[in-house]
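upload-v4.tsv (TSV, C-alpha atoms) appears below.
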```
chain	number	residue	atom	x	y	z
A	16	MET	CA	28.73	-196.82	41.30
A	17	VAL	CA	31.77	-194.83	40.21
A	18	GLN	CA	35.37	-196.10	40.20
A	19	ASN	CA	38.38	-193.99	39.21
A	20	PHE	CA	41.80	-195.17	38.03
A	21	MET	CA	44.94	-193.44	36.78
A	22	ILE	CA	47.28	-194.56	34.00
A	23	LYS	CA	50.75	-193.01	34.15
A	24	ILE	CA	52.80	-192.83	30.98
A	25	GLN	CA	55.89	-191.08	29.65
A	26	THR	CA	55.74	-189.65	26.14
A	27	ILE	CA	58.15	-188.01	23.70
A	28	GLY	CA	55.64	-185.60	22.16
A	29	PHE	CA	55.33	-184.13	18.63
A	30	CYS	CA	52.80	-186.81	17.63
A	31	ASP	CA	53.54	-189.67	19.98
A	32	ILE	CA	50.71	-192.19	19.59
A	33	ILE	CA	50.49	-194.68	22.47
A	34	ASP	CA	48.15	-197.67	22.69
A	35	ILE	CA	46.53	-197.59	26.15
A	36	THR	CA	43.79	-200.17	25.44
A	37	GLU	CA	45.15	-202.91	27.68
A	38	ARG	CA	45.67	-200.55	30.62
A	39	VAL	CA	42.11	-199.23	30.23
A	40	ILE	CA	40.73	-202.79	30.16
A	41	ASN	CA	42.73	-203.71	33.27
A	42	ALA	CA	41.17	-200.74	35.10
A	43	ILE	CA	37.69	-201.85	34.02
A	44	HIS	CA	38.25	-205.36	35.36
A	45	LYS	CA	39.50	-203.96	38.70
A	46	SER	CA	36.35	-201.82	39.00
A	47	LYS	CA	34.05	-204.87	39.27
A	48	ILE	CA	31.42	-202.82	37.45
A	49	HIS	CA	29.82	-204.92	34.68
A	50	ASP	CA	27.54	-202.49	32.83
A	51	GLY	CA	28.10	-198.81	32.28
A	52	ILE	CA	30.02	-196.04	30.56
A	53	VAL	CA	33.82	-195.89	30.52
A	54	LEU	CA	35.40	-192.44	30.29
A	55	VAL	CA	39.07	-192.02	29.32
A	56	PHE	CA	40.35	-188.47	29.80
A	57	CYS	CA	43.63	-186.56	29.96
A	58	PRO	CA	43.77	-183.22	31.82
A	59	SER	CA	46.00	-181.51	29.25
A	60	SER	CA	45.84	-178.84	26.54
A	61	THR	CA	48.53	-180.39	24.31
A	62	SER	CA	47.24	-183.93	23.78
A	63	GLY	CA	44.23	-185.88	22.56
A	64	ILE	CA	42.53	-189.27	22.71
A	65	THR	CA	41.05	-191.19	19.79
A	66	THR	CA	40.77	-194.74	18.42
A	67	LEU	CA	42.97	-196.24	15.73
A	68	GLU	CA	44.05	-199.58	14.29
A	69	TYR	CA	47.38	-199.63	16.10
A	70	GLU	CA	49.80	-200.64	13.37
A	71	PRO	CA	52.74	-198.64	11.96
A	72	GLY	CA	50.92	-197.64	8.75
A	73	CYS	CA	47.85	-196.10	10.41
A	74	ILE	CA	50.08	-194.48	13.07
A	75	GLN	CA	52.16	-192.78	10.35
A	76	ASP	CA	49.06	-191.77	8.38
A	77	LEU	CA	47.57	-190.01	11.43
A	78	CYS	CA	50.85	-188.16	12.11
A	79	ASP	CA	51.08	-187.15	8.43
A	80	TYR	CA	47.53	-185.83	8.61
A	81	MET	CA	48.27	-183.79	11.72
A	82	GLU	CA	51.39	-182.34	10.05
A	83	SER	CA	49.31	-181.24	7.05
A	84	ALA	CA	46.40	-179.90	9.17
A	85	ALA	CA	48.49	-178.08	11.81
A	86	PRO	CA	52.14	-178.07	10.69
A	87	LEU	CA	54.93	-178.00	13.25
A	88	ASN	CA	56.64	-175.00	11.66
A	89	ALA	CA	53.70	-172.86	10.59
A	90	GLU	CA	53.25	-169.40	12.13
A	91	TYR	CA	51.05	-169.54	15.24
A	92	GLN	CA	49.74	-166.55	17.19
A	93	HIS	CA	50.32	-168.54	20.39
A	94	ASN	CA	54.04	-168.69	19.59
A	95	LEU	CA	54.26	-165.01	18.62
A	96	LYS	CA	52.50	-163.79	21.77
A	97	TRP	CA	54.35	-165.98	24.27
A	98	GLN	CA	57.68	-166.68	22.53
A	99	ASP	CA	56.57	-170.25	22.80
A	100	GLY	CA	57.15	-173.15	20.40
A	101	ASN	CA	54.13	-175.37	20.91
A	102	GLY	CA	51.39	-173.49	19.06
A	103	PHE	CA	50.96	-176.55	16.83
A	104	SER	CA	50.48	-178.71	19.97
A	105	HIS	CA	47.65	-176.55	21.31
A	106	LEU	CA	45.91	-176.40	17.95
A	107	ARG	CA	46.13	-180.17	17.37
A	108	SER	CA	44.81	-180.72	20.89
A	109	ALA	CA	41.83	-178.44	20.18
A	110	ILE	CA	40.87	-180.38	17.06
A	111	MET	CA	41.18	-183.87	18.63
A	112	PRO	CA	38.94	-184.65	21.63
A	113	ALA	CA	40.45	-184.78	25.13
A	114	SER	CA	38.11	-187.59	26.15
A	115	PHE	CA	36.83	-190.90	24.82
A	116	THR	CA	33.74	-192.77	26.01
A	117	PHE	CA	32.63	-196.32	25.26
A	118	PRO	CA	30.23	-198.89	26.72
A	119	LEU	CA	30.90	-201.74	29.12
A	120	ILE	CA	28.29	-204.48	28.67
A	121	LYS	CA	27.98	-207.66	30.77
A	122	GLY	CA	31.53	-207.32	32.03
A	123	GLU	CA	33.11	-206.82	28.63
A	124	PRO	CA	34.37	-203.53	27.18
A	125	VAL	CA	32.84	-203.09	23.72
A	126	LEU	CA	35.56	-202.21	21.20
A	127	GLY	CA	36.18	-203.25	17.60
A	128	ALA	CA	38.76	-205.96	16.88
A	129	TRP	CA	41.12	-203.41	15.31
A	130	GLN	CA	39.98	-200.43	17.33
A	131	GLN	CA	42.63	-199.50	19.88
A	132	ILE	CA	42.31	-196.58	22.31
A	133	VAL	CA	45.26	-194.26	21.72
A	134	PHE	CA	46.64	-191.34	23.67
A	135	VAL	CA	48.31	-188.81	21.34
A	136	ASP	CA	50.87	-186.42	22.79
A	137	PHE	CA	51.30	-183.32	20.64
A	138	ASP	CA	53.59	-181.34	22.97
A	139	ASN	CA	57.10	-180.37	21.83
A	140	LYS	CA	58.98	-182.17	24.61
A	141	THR	CA	59.00	-185.26	26.82
A	142	ARG	CA	56.06	-185.32	29.23
A	143	TYR	CA	54.78	-187.43	32.08
A	144	ARG	CA	51.01	-187.82	31.69
A	145	ASN	CA	48.25	-188.94	34.01
A	146	ILE	CA	45.31	-190.40	32.08
A	147	MET	CA	42.10	-190.89	34.04
A	148	VAL	CA	39.85	-193.91	33.53
A	149	GLN	CA	36.43	-193.63	35.11
A	150	VAL	CA	33.95	-196.51	35.14
A	151	ASN	CA	30.41	-195.38	35.88
A	152	GLY	CA	27.69	-198.02	36.15
A	153	GLU	CA	26.41	-201.00	38.12
B	71	MET	CA	22.12	-189.48	40.87
B	72	VAL	CA	21.64	-187.11	37.94
B	73	GLN	CA	21.56	-183.32	38.10
B	74	ASN	CA	20.92	-181.02	35.14
B	75	PHE	CA	21.87	-177.36	34.73
B	76	MET	CA	21.62	-174.83	31.92
B	77	ILE	CA	24.13	-172.13	30.96
B	78	LYS	CA	22.67	-169.29	28.90
B	79	ILE	CA	25.00	-167.23	26.72
B	80	GLN	CA	24.81	-164.76	23.87
B	81	THR	CA	27.26	-165.17	21.01
B	82	ILE	CA	28.23	-163.25	17.87
B	83	GLY	CA	28.96	-166.30	15.70
B	84	PHE	CA	31.44	-166.89	12.83
B	85	CYS	CA	33.98	-168.46	15.21
B	86	ASP	CA	33.07	-166.99	18.58
B	87	ILE	CA	35.05	-168.91	21.21
B	88	ILE	CA	33.69	-168.50	24.74
B	89	ASP	CA	35.26	-169.84	27.94
B	90	ILE	CA	32.49	-171.58	29.92
B	91	THR	CA	34.76	-173.38	32.43
B	92	GLU	CA	33.77	-171.37	35.49
B	93	ARG	CA	30.04	-171.72	34.77
B	94	VAL	CA	30.46	-175.49	34.33
B	95	ILE	CA	32.36	-175.74	37.63
B	96	ASN	CA	29.69	-173.69	39.41
B	97	ALA	CA	27.05	-176.14	38.19
B	98	ILE	CA	29.12	-179.09	39.44
B	99	HIS	CA	29.41	-177.55	42.90
B	100	LYS	CA	25.65	-176.94	43.02
B	101	SER	CA	24.99	-180.60	42.14
B	102	LYS	CA	26.53	-181.88	45.41
B	103	ILE	CA	27.68	-184.93	43.41
B	104	HIS	CA	31.33	-185.71	44.25
B	105	ASP	CA	32.29	-188.51	41.85
B	106	GLY	CA	31.01	-189.06	38.34
B	107	ILE	CA	30.94	-187.98	34.73
B	108	VAL	CA	30.22	-184.41	33.66
B	109	LEU	CA	28.58	-183.92	30.27
B	110	VAL	CA	28.57	-180.51	28.55
B	111	PHE	CA	26.34	-180.36	25.48
B	112	CYS	CA	24.74	-177.81	23.16
B	113	PRO	CA	21.59	-178.76	21.21
B	114	SER	CA	22.66	-177.04	18.00
B	115	SER	CA	23.88	-177.87	14.48
B	116	THR	CA	26.04	-174.74	14.05
B	117	SER	CA	28.32	-174.88	17.10
B	118	GLY	CA	30.81	-177.12	18.88
B	119	ILE	CA	32.52	-177.73	22.22
B	120	THR	CA	36.19	-178.45	22.79
B	121	THR	CA	39.03	-177.58	25.19
B	122	LEU	CA	41.66	-174.90	24.63
B	123	GLU	CA	44.21	-172.82	26.48
B	124	TYR	CA	42.03	-169.72	26.60
B	125	GLU	CA	44.44	-166.97	25.55
B	126	PRO	CA	44.24	-164.71	22.47
B	127	GLY	CA	46.95	-166.59	20.54
B	128	CYS	CA	45.35	-170.05	20.76
B	129	ILE	CA	41.91	-168.54	20.14
B	130	GLN	CA	43.14	-166.95	16.90
B	131	ASP	CA	44.98	-170.12	15.84
B	132	LEU	CA	41.80	-172.20	16.19
B	133	CYS	CA	39.78	-169.65	14.17
B	134	ASP	CA	42.50	-169.56	11.49
B	135	TYR	CA	42.41	-173.36	11.31
B	136	MET	CA	38.63	-173.40	10.91
B	137	GLU	CA	38.87	-170.79	8.15
B	138	SER	CA	41.38	-172.95	6.27
B	139	ALA	CA	39.47	-176.23	6.87
B	140	ALA	CA	35.96	-174.90	6.10
B	141	PRO	CA	36.27	-171.38	4.66
B	142	LEU	CA	33.47	-168.86	5.17
B	143	ASN	CA	33.22	-168.05	1.46
B	144	ALA	CA	33.74	-171.46	-0.15
B	145	GLU	CA	30.91	-172.98	-2.22
B	146	TYR	CA	28.66	-175.18	-0.08
B	147	GLN	CA	25.84	-177.41	-1.33
B	148	HIS	CA	23.83	-176.41	1.74
B	149	ASN	CA	23.93	-172.78	0.58
B	150	LEU	CA	23.10	-173.63	-3.05
B	151	LYS	CA	20.11	-175.82	-2.11
B	152	TRP	CA	18.56	-173.52	0.48
B	153	GLN	CA	19.78	-170.05	-0.58
B	154	ASP	CA	21.35	-170.04	2.85
B	155	GLY	CA	24.64	-168.52	3.99
B	156	ASN	CA	25.73	-170.76	6.82
B	157	GLY	CA	27.02	-173.85	5.03
B	158	PHE	CA	30.41	-173.23	6.64
B	159	SER	CA	28.73	-173.19	10.08
B	160	HIS	CA	27.10	-176.59	9.59
B	161	LEU	CA	30.30	-178.17	8.27
B	162	ARG	CA	32.44	-176.78	11.10
B	163	SER	CA	29.84	-178.04	13.58
B	164	ALA	CA	29.99	-181.53	12.05
B	165	ILE	CA	33.77	-181.73	12.43
B	166	MET	CA	33.91	-180.45	16.03
B	167	PRO	CA	32.03	-182.49	18.67
B	168	ALA	CA	28.76	-181.16	20.11
B	169	SER	CA	29.55	-182.61	23.53
B	170	PHE	CA	32.44	-182.78	25.98
B	171	THR	CA	32.78	-185.23	28.89
B	172	PHE	CA	35.23	-185.18	31.77
B	173	PRO	CA	35.53	-186.75	35.23
B	174	LEU	CA	34.58	-185.37	38.63
B	175	ILE	CA	36.69	-187.01	41.35
B	176	LYS	CA	36.33	-186.45	45.11
B	177	GLY	CA	34.42	-183.24	44.59
B	178	GLU	CA	36.88	-181.73	42.14
B	179	PRO	CA	36.46	-181.43	38.36
B	180	VAL	CA	39.57	-182.88	36.70
B	181	LEU	CA	40.89	-180.44	34.10
B	182	GLY	CA	44.39	-179.37	33.09
B	183	ALA	CA	45.75	-176.07	34.40
B	184	TRP	CA	45.58	-174.51	30.92
B	185	GLN	CA	42.67	-176.58	29.65
B	186	GLN	CA	39.55	-174.44	29.45
B	187	ILE	CA	36.17	-175.73	28.25
B	188	VAL	CA	35.10	-173.59	25.29
B	189	PHE	CA	31.84	-173.23	23.43
B	190	VAL	CA	32.44	-172.30	19.78
B	191	ASP	CA	29.64	-170.63	17.85
B	192	PHE	CA	30.05	-171.07	14.09
B	193	ASP	CA	26.72	-169.57	12.99
B	194	ASN	CA	26.64	-166.46	10.78
B	195	LYS	CA	24.68	-164.26	13.18
B	196	THR	CA	24.12	-163.41	16.83
B	197	ARG	CA	22.56	-166.30	18.75
B	198	TYR	CA	21.25	-167.02	22.22
B	199	ARG	CA	22.45	-170.47	23.27
B	200	ASN	CA	21.42	-172.89	26.01
B	201	ILE	CA	24.30	-175.15	27.01
B	202	MET	CA	23.40	-178.17	29.13
B	203	VAL	CA	25.61	-179.38	31.99
B	204	GLN	CA	24.70	-182.80	33.33
B	205	VAL	CA	26.42	-184.31	36.37
B	206	ASN	CA	25.92	-188.07	36.63
B	207	GLY	CA	27.36	-189.88	39.65
B	208	GLU	CA	27.18	-190.27	43.40
C	199	MET	CA	20.40	-197.95	36.08
C	200	VAL	CA	22.01	-198.97	32.78
C	201	GLN	CA	20.16	-200.20	29.68
C	202	ASN	CA	21.85	-201.35	26.47
C	203	PHE	CA	20.39	-201.52	22.96
C	204	MET	CA	21.77	-202.38	19.55
C	205	ILE	CA	20.96	-200.76	16.20
C	206	LYS	CA	21.76	-202.92	13.15
C	207	ILE	CA	22.32	-201.21	9.82
C	208	GLN	CA	23.75	-202.01	6.42
C	209	THR	CA	25.98	-199.41	4.78
C	210	ILE	CA	27.70	-198.92	1.43
C	211	GLY	CA	30.83	-197.23	2.80
C	212	PHE	CA	33.15	-194.55	1.28
C	213	CYS	CA	31.30	-191.78	3.13
C	214	ASP	CA	27.86	-193.22	3.75
C	215	ILE	CA	26.06	-190.88	6.16
C	216	ILE	CA	23.04	-192.46	7.85
C	217	ASP	CA	20.56	-190.71	10.14
C	218	ILE	CA	20.10	-192.91	13.23
C	219	THR	CA	18.30	-190.33	15.39
C	220	GLU	CA	14.90	-192.00	15.41
C	221	ARG	CA	16.34	-195.41	16.27
C	222	VAL	CA	18.34	-193.87	19.13
C	223	ILE	CA	15.24	-192.13	20.46
C	224	ASN	CA	13.24	-195.39	20.25
C	225	ALA	CA	15.89	-197.11	22.36
C	226	ILE	CA	15.73	-194.31	24.94
C	227	HIS	CA	11.97	-194.64	25.25
C	228	LYS	CA	12.26	-198.43	25.70
C	229	SER	CA	14.79	-197.92	28.51
C	230	LYS	CA	12.25	-196.20	30.79
C	231	ILE	CA	15.13	-194.10	32.13
C	232	HIS	CA	14.09	-190.44	32.30
C	233	ASP	CA	17.27	-188.58	33.28
C	234	GLY	CA	20.81	-189.48	32.36
C	235	ILE	CA	23.50	-189.70	29.73
C	236	VAL	CA	22.97	-191.42	26.38
C	237	LEU	CA	26.03	-192.96	24.72
C	238	VAL	CA	26.00	-193.91	21.03
C	239	PHE	CA	29.03	-195.94	19.97
C	240	CYS	CA	30.22	-198.12	17.09
C	241	PRO	CA	32.92	-200.75	17.71
C	242	SER	CA	34.77	-200.10	14.45
C	243	SER	CA	38.01	-198.54	13.16
C	244	THR	CA	36.58	-197.41	9.80
C	245	SER	CA	33.56	-195.33	10.84
C	246	GLY	CA	32.55	-192.37	12.98
C	247	ILE	CA	29.59	-190.72	14.69
C	248	THR	CA	28.74	-187.01	14.68
C	249	THR	CA	25.73	-184.69	14.41
C	250	LEU	CA	24.56	-182.94	11.25
C	251	GLU	CA	21.54	-181.21	9.77
C	252	TYR	CA	20.44	-184.21	7.74
C	253	GLU	CA	19.69	-182.70	4.34
C	254	PRO	CA	21.41	-183.44	1.00
C	255	GLY	CA	23.46	-180.22	0.99
C	256	CYS	CA	25.09	-180.70	4.41
C	257	ILE	CA	25.58	-184.42	3.68
C	258	GLN	CA	27.47	-183.58	0.46
C	259	ASP	CA	29.49	-180.82	2.20
C	260	LEU	CA	30.70	-183.25	4.89
C	261	CYS	CA	31.70	-185.85	2.26
C	262	ASP	CA	33.50	-183.17	0.23
C	263	TYR	CA	35.38	-182.10	3.37
C	264	MET	CA	36.43	-185.67	4.13
C	265	GLU	CA	37.64	-186.10	0.53
C	266	SER	CA	39.81	-182.97	0.86
C	267	ALA	CA	41.10	-183.84	4.37
C	268	ALA	CA	41.80	-187.53	3.71
C	269	PRO	CA	41.43	-188.25	-0.02
C	270	LEU	CA	40.36	-191.68	-1.23
C	271	ASN	CA	43.30	-191.99	-3.63
C	272	ALA	CA	46.13	-190.42	-1.66
C	273	GLU	CA	49.14	-192.55	-0.68
C	274	TYR	CA	48.66	-194.15	2.75
C	275	GLN	CA	51.27	-196.10	4.69
C	276	HIS	CA	48.49	-198.46	5.81
C	277	ASN	CA	47.86	-199.40	2.17
C	278	LEU	CA	51.56	-199.78	1.35
C	279	LYS	CA	52.27	-202.01	4.35
C	280	TRP	CA	49.26	-204.29	4.03
C	281	GLN	CA	48.41	-204.12	0.30
C	282	ASP	CA	45.11	-202.76	1.58
C	283	GLY	CA	42.85	-200.14	0.06
C	284	ASN	CA	41.17	-198.56	3.04
C	285	GLY	CA	43.90	-196.32	4.49
C	286	PHE	CA	41.58	-193.35	3.91
C	287	SER	CA	38.86	-195.13	5.93
C	288	HIS	CA	41.11	-195.64	8.96
C	289	LEU	CA	42.39	-192.06	8.87
C	290	ARG	CA	38.91	-190.55	8.57
C	291	SER	CA	37.76	-192.78	11.44
C	292	ALA	CA	40.64	-191.52	13.61
C	293	ILE	CA	39.72	-187.87	13.04
C	294	MET	CA	35.96	-188.29	13.67
C	295	PRO	CA	34.91	-189.58	17.11
C	296	ALA	CA	33.66	-193.16	17.47
C	297	SER	CA	31.16	-192.14	20.15
C	298	PHE	CA	28.56	-189.44	20.78
C	299	THR	CA	27.05	-188.51	24.14
C	300	PHE	CA	24.06	-186.32	24.90
C	301	PRO	CA	21.68	-185.72	27.81
C	302	LEU	CA	18.28	-187.19	28.52
C	303	ILE	CA	16.23	-184.82	30.72
C	304	LYS	CA	12.77	-185.51	32.14
C	305	GLY	CA	12.13	-188.25	29.62
C	306	GLU	CA	13.13	-186.24	26.58
C	307	PRO	CA	16.39	-186.57	24.63
C	308	VAL	CA	17.93	-183.09	24.29
C	309	LEU	CA	18.87	-182.44	20.65
C	310	GLY	CA	18.66	-179.39	18.42
C	311	ALA	CA	15.76	-179.12	15.94
C	312	TRP	CA	18.16	-179.61	13.01
C	313	GLN	CA	20.72	-181.71	14.83
C	314	GLN	CA	20.50	-185.31	13.71
C	315	ILE	CA	22.75	-188.09	15.01
C	316	VAL	CA	24.57	-189.61	12.05
C	317	PHE	CA	26.64	-192.74	11.64
C	318	VAL	CA	29.30	-192.30	8.95
C	319	ASP	CA	30.76	-195.37	7.30
C	320	PHE	CA	34.16	-194.69	5.75
C	321	ASP	CA	35.06	-198.26	4.77
C	322	ASN	CA	35.61	-199.15	1.11
C	323	LYS	CA	32.90	-201.79	0.88
C	324	THR	CA	29.41	-202.74	2.05
C	325	ARG	CA	29.31	-203.45	5.80
C	326	TYR	CA	26.84	-204.64	8.38
C	327	ARG	CA	27.25	-202.51	11.52
C	328	ASN	CA	26.11	-202.89	15.11
C	329	ILE	CA	25.73	-199.52	16.82
C	330	MET	CA	25.39	-199.58	20.60
C	331	VAL	CA	23.03	-197.23	22.45
C	332	GLN	CA	23.55	-197.11	26.21
C	333	VAL	CA	21.24	-195.17	28.51
C	334	ASN	CA	22.79	-194.54	31.93
C	335	GLY	CA	20.72	-192.77	34.56
C	336	GLU	CA	17.63	-192.99	36.74
```
Once more with this new file: its structure as structure tokens, please.
Amino acid sequence: MVQNFMIKIQTIGFCDIIDITERVINAIHKSKIHDGIVLVFCPSSTSGITTLEYEPGCIQDLCDYMESAAPLNAEYQHNLKWQDGNGFSHLRSAIMPASFTFPLIKGEPVLGAWQQIVFVDFDNKTRYRNIMVQVNGE
Amino acid sequence: MVQNFMIKIQTIGFCDIIDITERVINAIHKSKIHDGIVLVFCPSSTSGITTLEYEPGCIQDLCDYMESAAPLNAEYQHNLKWQDGNGFSHLRSAIMPASFTFPLIKGEPVLGAWQQIVFVDFDNKTRYRNIMVQVNGE
Amino acid sequence: MVQNFMIKIQTIGFCDIIDITERVINAIHKSKIHDGIVLVFCPSSTSGITTLEYEPGCIQDLCDYMESAAPLNAEYQHNLKWQDGNGFSHLRSAIMPASFTFPLIKGEPVLGAWQQIVFVDFDNKTRYRNIMVQVNGE
């Protein structure tokens, strides 16, 4: 059995880290599926999904890392070719997965106590995002 | 229901980024599955799969990033131990996922408009690669 | 059909890379599922799962990379806010996926000859870990 849900959020970009755990769990409970794989995915080329202890320190550390790995103001070929400003967004999105999968067992999503599912918007402006949650099981 | 397909490609390695989106979508349409999870995977320890806006600027930016993160000519223990030359390939492959998952909803693969699925070959020579596409759903 | 298994391991942390391939394959064979998607996942915010040629050179190269990307002794906001010492563990866990998926086809797990599934513990102490293996298919 397959059930699909959509989470709608507004983001401010640059490295906007949003905890979507509770909304994902709500979707799982609505699905009435008790065992299977949960897929969280965003159809976007300027964002990513990962897991993180959602507290201000870890949030800042992940943003600091992204700034050192793919700095906002570095020279990007994407920007030079298209007179665009979000080369850093595309690169960060390529190095962080677009999807996250985890197991649902006996009706309960299996996640660590300090392991939140986070959507990370790397774009250089405010965006409205549709995040898909698919529950696939029995 | 589970359907498996194979995409065969030839690559030149080093950081050869190949757009496989259309071949993945063709496999999905052949599967006749309309809702489920699509898994794209390469059985290899010197490549990766991610998503990217497939245009020359973003392609170059991702290769530049990989060269700064895991340079071709740095000293690698893999090379020293095995008199091998592809230590950079193995490291890059370990830091980019080997698989990509995304949802199929009502017969349509859900991907962003500028979000292409790319296979990235990091090996240091020409390779023939078999990429698996599995459609799992109903 | 969905079958769940648990792999229990003890780790020493910091960048402890453990080959879990054989235990994952044992779980698959117990499931009696022959075609489907295999999900390997750890409910933790201080570890990750990837694939690697499991030999001492590649193991050292991945640890060296992690030390350069997210050094043990750098300043982390997580440490400053909580008087904690594992900011590096949380950051490394955020930049390496918590889950790995790959296909099972005609009874055989599809993996490369030198592509082992590795659990990487980034925490700063000994841990007991429960790694979930879910086989989802027919």
Report as CSV the residues of chain A within 7 Å of chain C, each with its shortest atom pair and distance in Å (one decimal), using all atoms listed in the file, ordered by chain and increasing residue number.
```
residue,atom,partner,partner_atom,distance
A:Asp50,CA,C:Val200,CA,6.6
A:Gly51,CA,C:Val200,CA,6.1
A:Thr65,CA,C:Ala292,CA,6.2
A:Thr66,CA,C:Ala292,CA,5.8
A:Leu67,CA,C:Ala292,CA,5.7
A:Glu68,CA,C:Ser243,CA,6.2
A:Gly72,CA,C:His276,CA,3.9
A:Cys73,CA,C:His276,CA,5.2
A:Gln75,CA,C:Gln275,CA,6.6
A:Asp76,CA,C:Gln275,CA,6.1
A:Leu77,CA,C:Leu289,CA,6.1
A:Thr116,CA,C:Ser297,CA,6.4
A:Phe117,CA,C:Phe239,CA,6.4
A:Pro118,CA,C:Gln332,CA,6.9
A:Val125,CA,C:Pro241,CA,6.4
A:Leu126,CA,C:Pro241,CA,4.6
A:Gly127,CA,C:Pro241,CA,4.1
A:Trp129,CA,C:Ser243,CA,6.2
A:Gln130,CA,C:Ser243,CA,5.0
A:Gly152,CA,C:Val200,CA,6.7
```
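The coordinates place atom CA of Ser62 of chain A at 7.2 Å from atom CA of Ser104 of chain A.
Atom CA of Thr91 of chain B is positioned 17.4 Å from atom CA of Ile103 of chain B.
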(Q) Give me the residues near Lys206 of chain C as JSON, numbers by chain, where near means some atom within 7 Å (using only C-alpha atoms) and where sequence neighbours in that chain fewer than 5 positions away do not count. (A) {"C": [327, 328, 329]}
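Every polymer residue reaching to within 12 Å of (32.3, -169.3, 34.0), counting only C-alpha atoms, appears in this list: B:Ile77, B:Lys78, B:Ile79, B:Ile88, B:Asp89, B:Ile90, B:Thr91, B:Glu92, B:Arg93, B:Val94, B:Ile95, B:Asn96, B:Ala97, B:Ile98, B:Gln186, B:Ile187, B:Val188, B:Phe189.
Minimum atom-to-atom distances from B:Gly83, B:Gly177, B:Met136, B:Gly118 to Lys100 of chain B were compared using all atoms listed in the file, and the lowest value belongs to B:Gly177.
When atom CA of Lys121 of chain A is paired with atom CA of Ile303 of chain C, their separation reads 25.7 Å.
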(Q) For Thr26 of chain A, find every residue with an atom within 8 Å (counting all atoms listed in the file), except residues of its own chain fewer than 6 positions away, and show them as number ranges by chain. (A) A: 136, 141-144
Expected file: the selected residues, C-alpha atoms, as a compact mmCIF listing (two decimals), keeping the file's coordinate frame:
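Full text of again-v3.txt as output:
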```
# COMPACT_ATOMS: atom_id res chain seq x y z
CA ASP A 136 50.87 -186.42 22.79
CA THR A 141 59.00 -185.26 26.82
CA ARG A 142 56.06 -185.32 29.23
CA TYR A 143 54.78 -187.43 32.08
CA ARG A 144 51.01 -187.82 31.69
```
Where atoms are lacking, segment 155-167 of chain B completed to N, CA and C atoms, as a PDB file, in the frame of the given file:
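Result file is selection-v7.pdb:
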```pdb
ATOM      1  N   GLY B 155      23.270-169.010   3.941  1.00  0.00           N
ATOM      2  CA  GLY B 155      24.640-168.520   3.990  1.00  0.00           C
ATOM      3  C   GLY B 155      25.510-169.181   5.036  1.00  0.00           C
ATOM      4  N   ASN B 156      24.950-170.184   5.734  1.00  0.00           N
ATOM      5  CA  ASN B 156      25.730-170.760   6.820  1.00  0.00           C
ATOM      6  C   ASN B 156      26.173-172.208   6.591  1.00  0.00           C
ATOM      7  N   GLY B 157      26.456-172.530   5.329  1.00  0.00           N
ATOM      8  CA  GLY B 157      27.020-173.850   5.030  1.00  0.00           C
ATOM      9  C   GLY B 157      28.312-174.101   5.795  1.00  0.00           C
ATOM     10  N   PHE B 158      29.149-173.068   5.887  1.00  0.00           N
ATOM     11  CA  PHE B 158      30.410-173.230   6.640  1.00  0.00           C
ATOM     12  C   PHE B 158      30.127-173.546   8.109  1.00  0.00           C
ATOM     13  N   SER B 159      29.065-172.973   8.665  1.00  0.00           N
ATOM     14  CA  SER B 159      28.730-173.190  10.080  1.00  0.00           C
ATOM     15  C   SER B 159      28.345-174.644  10.324  1.00  0.00           C
ATOM     16  N   HIS B 160      27.525-175.196   9.437  1.00  0.00           N
ATOM     17  CA  HIS B 160      27.100-176.590   9.590  1.00  0.00           C
ATOM     18  C   HIS B 160      28.282-177.549   9.439  1.00  0.00           C
ATOM     19  N   LEU B 161      29.147-177.271   8.464  1.00  0.00           N
ATOM     20  CA  LEU B 161      30.300-178.170   8.270  1.00  0.00           C
ATOM     21  C   LEU B 161      31.230-178.120   9.473  1.00  0.00           C
ATOM     22  N   ARG B 162      31.543-176.899   9.941  1.00  0.00           N
ATOM     23  CA  ARG B 162      32.440-176.780  11.100  1.00  0.00           C
ATOM     24  C   ARG B 162      31.844-177.493  12.316  1.00  0.00           C
ATOM     25  N   SER B 163      30.529-177.399  12.455  1.00  0.00           N
ATOM     26  CA  SER B 163      29.840-178.040  13.580  1.00  0.00           C
ATOM     27  C   SER B 163      29.898-179.565  13.467  1.00  0.00           C
ATOM     28  N   ALA B 164      29.919-180.073  12.236  1.00  0.00           N
ATOM     29  CA  ALA B 164      29.990-181.530  12.050  1.00  0.00           C
ATOM     30  C   ALA B 164      31.371-182.081  12.342  1.00  0.00           C
ATOM     31  N   ILE B 165      32.404-181.228  12.211  1.00  0.00           N
ATOM     32  CA  ILE B 165      33.770-181.730  12.430  1.00  0.00           C
ATOM     33  C   ILE B 165      34.311-181.381  13.820  1.00  0.00           C
ATOM     34  N   MET B 166      33.543-180.658  14.623  1.00  0.00           N
ATOM     35  CA  MET B 166      33.910-180.450  16.030  1.00  0.00           C
ATOM     36  C   MET B 166      32.778-181.046  16.878  1.00  0.00           C
ATOM     37  N   PRO B 167      33.097-181.842  17.896  1.00  0.00           N
ATOM     38  CA  PRO B 167      32.030-182.490  18.670  1.00  0.00           C
ATOM     39  C   PRO B 167      31.044-181.489  19.290  1.00  0.00           C
TER      40      PRO B 167
END
```
